[in-house]
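S.K.: The structure follows.
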Amino acid sequence: MEAGKRNIPDIFNRANKLKIPHFQRSYVWREEQWERFLDDMQYASHANRPYFMGSVILKQQETQVNQDNIRTIIDGQQRLTTVILFFKALFNNNGTPEKFPHIFTTFNNGVILEHNYSDKPIFDKILLDQDLESKEKKSQIFKCYKYFLENIKSSEIDPNKLLSNILFVGIDLLYNEDEQQIFDTINSLGVRLTTAELLKNYLFRDDIDFYNTNWRDVFEKNDEIKEYWDQEVTSGRNIRNNIDLFLQAYLFIKIQENGINVSSDDKERFFKIDSVFNSYKEFITDYQMDKNAIIDELKEYASVYKNTINPKIVEQDIDKNDYAQRLNLVMFGLDTATIIPYVLYVSKKVSSQEEKNKIFRYLEAYLMRRLICRETTKNYNQLFRSLINNEINSFEKLKEIIEMKGEKINKMPSDSTVEDGFNNSKLANKYAKGVLYLIERTTRNDLNATELKYFNEYSLEHVMPKKWRNNWNVQNLTREQVEQRDDLILTLGNLTLITKQLNSS
């Protein structure tokens, strides 16, 4: 890795071709960013001194002797695209369009920046002064170029000053260096590249037809499907895209497959949540996995996942006898996403809906009883991984292996322990709300006058208020009675569900 100051001619070295990964996100900057960029250019030209514009990470690619020297843009796609469109408009506006190709083309007069597959046709047409179709003029690429054409005052901007004074922190990586780790370190406050974005470029390279059939049709076919996979989900302390949760869950299942014989050390290495993409790469390489077979299986599991996993269940009605829905509420209403890989495994491997219902019902009971008793969740990852590894794909097998835990850390709490939990446990509000909501959902029937609302529409209220002394004369109570009331305030028996609207009023 080499790092240092880079001006525009350094970044757009005509001996190199810059390339945005084929299936990377499209250009997304809008007028707010273009206006700020233009202000920065006017200031830098007027001040005539170095002006830094952030970091650019480029990664050297392995090429043949007769090929262009190619560097992939890891970070800086939006800025570098904007720089080129800005200078294209600037040279056109100041009457010197012939200067543009002397800076922003390769030595063989090729386009110096190869855009991703969706933006490339429009970007190339603009740089090569070709006519655009009406639908192409709706793209952000063209809108950016048009904005600069209409707003650049060429008399106020000296392009030569910008070429020498606009600086980036340039970081050049070798082809075998870990771009994700470096990107995350430098851009920790920015937008993280998702596992999906990295993985689809790794799996499909530049094969658009193969990509369209095996990725886009599964994850990006229409707005509804994209919305499902792109929705953000809280997983522990992290907020992640649903598609990343799926890709992690599939990997967790795959590396437990007995026929592959992944070593224990490698399993631990691949389980790192902050490096799922690298885990995929190393797993496929180290265990000589067939990429096409992985892609085929990903498609199968994606269909099962979409039919089973529903992060929006907290805002939807639940059938009290639909145990998949109830388990989704436990996963996404109570932050128990750790069990997603096992739920996906069961959904894929168990064909009988009755058997799946029995497993899901048992899992709900197991998780909720442990929650009520304030049992630790820190071993859940290991537990559910072992269930996959041991092919626990029936209710009887699951019940047997959980009951074998006895007094161990992952045991199923007894009825008496659960009763004690109801009497004494003081749970965090979201957990207490989950317990009461699922009980209410189970016991309420169609004859009840009030229909139960969605999970997220409720909050908790104390039956005996926290400040109960304001309404009861403490002088009439013994010390033990006062302590007992204080002790019971946060227990489940003193809590009730109330709509947020009522609570706020």
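Residues in the structure tokens are named by chain (A, B, ... in the order shown) and by number from 1 within that chain; ligands are numbered from 1 in the order shown.
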Identify, on the basis of only C-alpha atoms, every residue whose closest approach to range 137-144 of chain A does not exceed 9 Å; exclude the query and any residue fewer than 6 positions from it along the same chain; express the result as number ranges by chain.
M.R.: A: 26-31, 34, 81-82, 85-86, 119, 122-123, 126
S.K.: Kindly export the residues of the current selection with C-alpha atoms, as a compact mmCIF listing (two decimals), in the first residue's frame.
M.R.:
```
# COMPACT_ATOMS: atom_id res chain seq x y z
CA SER A 26 -24.88 3.87 -9.54
CA TYR A 27 -24.00 7.54 -9.41
CA VAL A 28 -26.24 9.11 -6.75
CA TRP A 29 -25.07 12.67 -6.12
CA ARG A 30 -27.77 15.32 -6.42
CA GLU A 31 -28.00 19.08 -6.79
CA TRP A 34 -23.16 19.55 -7.12
CA THR A 81 -17.23 10.93 -11.59
CA THR A 82 -18.18 14.48 -10.63
CA LEU A 85 -18.20 15.77 -15.62
CA PHE A 86 -17.25 19.14 -14.12
CA ASP A 119 -24.08 4.26 -15.95
CA ILE A 122 -24.58 7.46 -20.62
CA PHE A 123 -21.23 8.48 -19.14
CA ILE A 126 -21.30 12.54 -22.61
```
S.K.: Env of Asp335 in chain A: 12 Å cut, atoms = only C-alpha atoms, seq-sep filter 5 positions within chain, self excluded. Answer as an MDAnalysis selection string.
M.R.: chainID A and resid 233:239 311 314 327:330 340 367 371 377 430:431 434
S.K.: Those same residues, written as an mmCIF file, in the first residue's frame with N, CA and C atoms?
M.R.:
```
data_model
loop_
_atom_site.group_PDB
_atom_site.id
_atom_site.type_symbol
_atom_site.label_atom_id
_atom_site.label_comp_id
_atom_site.auth_asym_id
_atom_site.auth_seq_id
_atom_site.Cartn_x
_atom_site.Cartn_y
_atom_site.Cartn_z
ATOM 1 N N VAL A 233 -32.006 -3.522 9.130
ATOM 2 C CA VAL A 233 -32.423 -4.362 10.252
ATOM 3 C C VAL A 233 -31.404 -4.204 11.367
ATOM 4 N N THR A 234 -31.890 -4.028 12.601
ATOM 5 C CA THR A 234 -30.989 -3.976 13.750
ATOM 6 C C THR A 234 -30.587 -5.386 14.135
ATOM 7 N N SER A 235 -29.281 -5.617 14.154
ATOM 8 C CA SER A 235 -28.743 -6.928 14.530
ATOM 9 C C SER A 235 -27.696 -6.711 15.609
ATOM 10 N N GLY A 236 -28.113 -6.917 16.873
ATOM 11 C CA GLY A 236 -27.208 -6.622 17.982
ATOM 12 C C GLY A 236 -26.942 -5.131 18.043
ATOM 13 N N ARG A 237 -25.662 -4.764 17.986
ATOM 14 C CA ARG A 237 -25.296 -3.352 18.016
ATOM 15 C C ARG A 237 -25.176 -2.760 16.616
ATOM 16 N N ASN A 238 -25.428 -3.569 15.588
ATOM 17 C CA ASN A 238 -25.237 -3.130 14.211
ATOM 18 C C ASN A 238 -26.564 -2.938 13.498
ATOM 19 N N ILE A 239 -26.560 -2.029 12.541
ATOM 20 C CA ILE A 239 -27.688 -1.872 11.627
ATOM 21 C C ILE A 239 -27.209 -2.345 10.263
ATOM 22 N N PRO A 311 -38.729 -8.845 8.507
ATOM 23 C CA PRO A 311 -38.360 -7.815 9.491
ATOM 24 C C PRO A 311 -39.477 -6.819 9.788
ATOM 25 N N VAL A 314 -43.093 -6.372 12.912
ATOM 26 C CA VAL A 314 -43.406 -5.513 14.063
ATOM 27 C C VAL A 314 -44.441 -4.456 13.707
ATOM 28 N N LEU A 327 -42.285 -16.175 15.567
ATOM 29 C CA LEU A 327 -40.838 -16.247 15.731
ATOM 30 C C LEU A 327 -40.161 -15.035 15.094
ATOM 31 N N ASN A 328 -40.711 -14.539 13.995
ATOM 32 C CA ASN A 328 -40.198 -13.307 13.400
ATOM 33 C C ASN A 328 -40.310 -12.139 14.366
ATOM 34 N N LEU A 329 -41.404 -12.100 15.117
ATOM 35 C CA LEU A 329 -41.561 -11.037 16.107
ATOM 36 C C LEU A 329 -40.489 -11.137 17.184
ATOM 37 N N VAL A 330 -40.166 -12.343 17.599
ATOM 38 C CA VAL A 330 -39.099 -12.546 18.583
ATOM 39 C C VAL A 330 -37.762 -12.091 17.999
ATOM 40 N N ILE A 340 -31.449 -16.440 13.091
ATOM 41 C CA ILE A 340 -31.855 -16.442 11.682
ATOM 42 C C ILE A 340 -31.240 -17.598 10.892
ATOM 43 N N LEU A 367 -36.808 -19.443 23.701
ATOM 44 C CA LEU A 367 -36.239 -18.094 23.759
ATOM 45 C C LEU A 367 -36.980 -17.215 24.762
ATOM 46 N N LEU A 371 -35.714 -15.599 28.244
ATOM 47 C CA LEU A 371 -35.761 -14.144 28.385
ATOM 48 C C LEU A 371 -36.425 -13.759 29.700
ATOM 49 N N THR A 377 -27.695 -14.758 26.748
ATOM 50 C CA THR A 377 -27.834 -15.036 25.314
ATOM 51 C C THR A 377 -26.470 -15.144 24.626
ATOM 52 N N LYS A 430 -38.369 -3.256 26.085
ATOM 53 C CA LYS A 430 -38.739 -3.946 24.841
ATOM 54 C C LYS A 430 -38.963 -5.434 25.081
ATOM 55 N N TYR A 431 -38.217 -6.018 26.028
ATOM 56 C CA TYR A 431 -38.398 -7.441 26.321
ATOM 57 C C TYR A 431 -39.700 -7.673 27.082
ATOM 58 N N GLY A 434 -42.490 -7.452 24.707
ATOM 59 C CA GLY A 434 -42.577 -8.658 23.891
ATOM 60 C C GLY A 434 -43.272 -9.792 24.613
#
```
S.K.: I want to know what sits within 6 Å of range 387-403 of chain A, based on only C-alpha atoms, with residues of the same chain fewer than 2 positions away left out; could you give that as a PDB file with N, CA and C atoms, in the first residue's frame?
M.R.:
```
ATOM      1  N   GLN A 256     -21.122 -25.226   7.757  1.00  0.00           N
ATOM      2  CA  GLN A 256     -21.404 -26.317   8.695  1.00  0.00           C
ATOM      3  C   GLN A 256     -21.681 -27.628   7.957  1.00  0.00           C
ATOM      4  N   VAL A 346     -33.878 -24.654   8.967  1.00  0.00           N
ATOM      5  CA  VAL A 346     -35.088 -25.463   9.183  1.00  0.00           C
ATOM      6  C   VAL A 346     -36.078 -25.251   8.038  1.00  0.00           C
ATOM      7  N   ILE A 359     -41.318 -27.027  15.444  1.00  0.00           N
ATOM      8  CA  ILE A 359     -39.964 -26.532  15.739  1.00  0.00           C
ATOM      9  C   ILE A 359     -40.009 -25.055  16.098  1.00  0.00           C
ATOM     10  N   PHE A 384     -26.798 -22.357  18.084  1.00  0.00           N
ATOM     11  CA  PHE A 384     -27.544 -22.525  16.840  1.00  0.00           C
ATOM     12  C   PHE A 384     -26.643 -22.977  15.695  1.00  0.00           C
ATOM     13  N   ARG A 385     -25.367 -22.638  15.765  1.00  0.00           N
ATOM     14  CA  ARG A 385     -24.422 -23.196  14.800  1.00  0.00           C
ATOM     15  C   ARG A 385     -24.314 -24.709  14.982  1.00  0.00           C
ATOM     16  N   LYS A 405     -29.304 -30.378  27.880  1.00  0.00           N
ATOM     17  CA  LYS A 405     -28.482 -29.330  28.492  1.00  0.00           C
ATOM     18  C   LYS A 405     -28.600 -29.349  30.011  1.00  0.00           C
ATOM     19  N   GLY A 406     -29.714 -29.858  30.533  1.00  0.00           N
ATOM     20  CA  GLY A 406     -29.884 -29.972  31.982  1.00  0.00           C
ATOM     21  C   GLY A 406     -29.667 -28.645  32.679  1.00  0.00           C
TER      22      GLY A 406
END
```
S.K.: Taking only C-alpha atoms into account, which of A:Ile294, A:Met464, A:Ile318, A:Leu363 comes nearest Leu251 in chain A?
M.R.: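 Comparing A:Ile294, A:Met464, A:Ile318, A:Leu363 against Leu251 in chain A, the winner is A:Ile294.
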S.K.: Could you check which of A:Lys153, A:Arg374, A:Arg14, A:Lys467 is closest to Ile409 in chain A, using only C-alpha atoms?
M.R.: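 Among the listed residues, A:Arg374 lies closest to Ile409 in chain A.
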S.K.: So, counting only C-alpha atoms, which residue among A:Ile255, A:Leu452, A:Ala365, A:Asn16 is closest to Asp415 in chain A?
M.R.: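 Among the listed residues, the smallest separation from Asp415 in chain A belongs to A:Ala365.
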S.K.: For the atom pair CA of Asn109 in chain A and CA of Leu18 in chain A, what is the interatomic distance in Å to one decimal place?
M.R.: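 CA of Leu18 in chain A lies 13.6 Å from CA of Asn109 in chain A.
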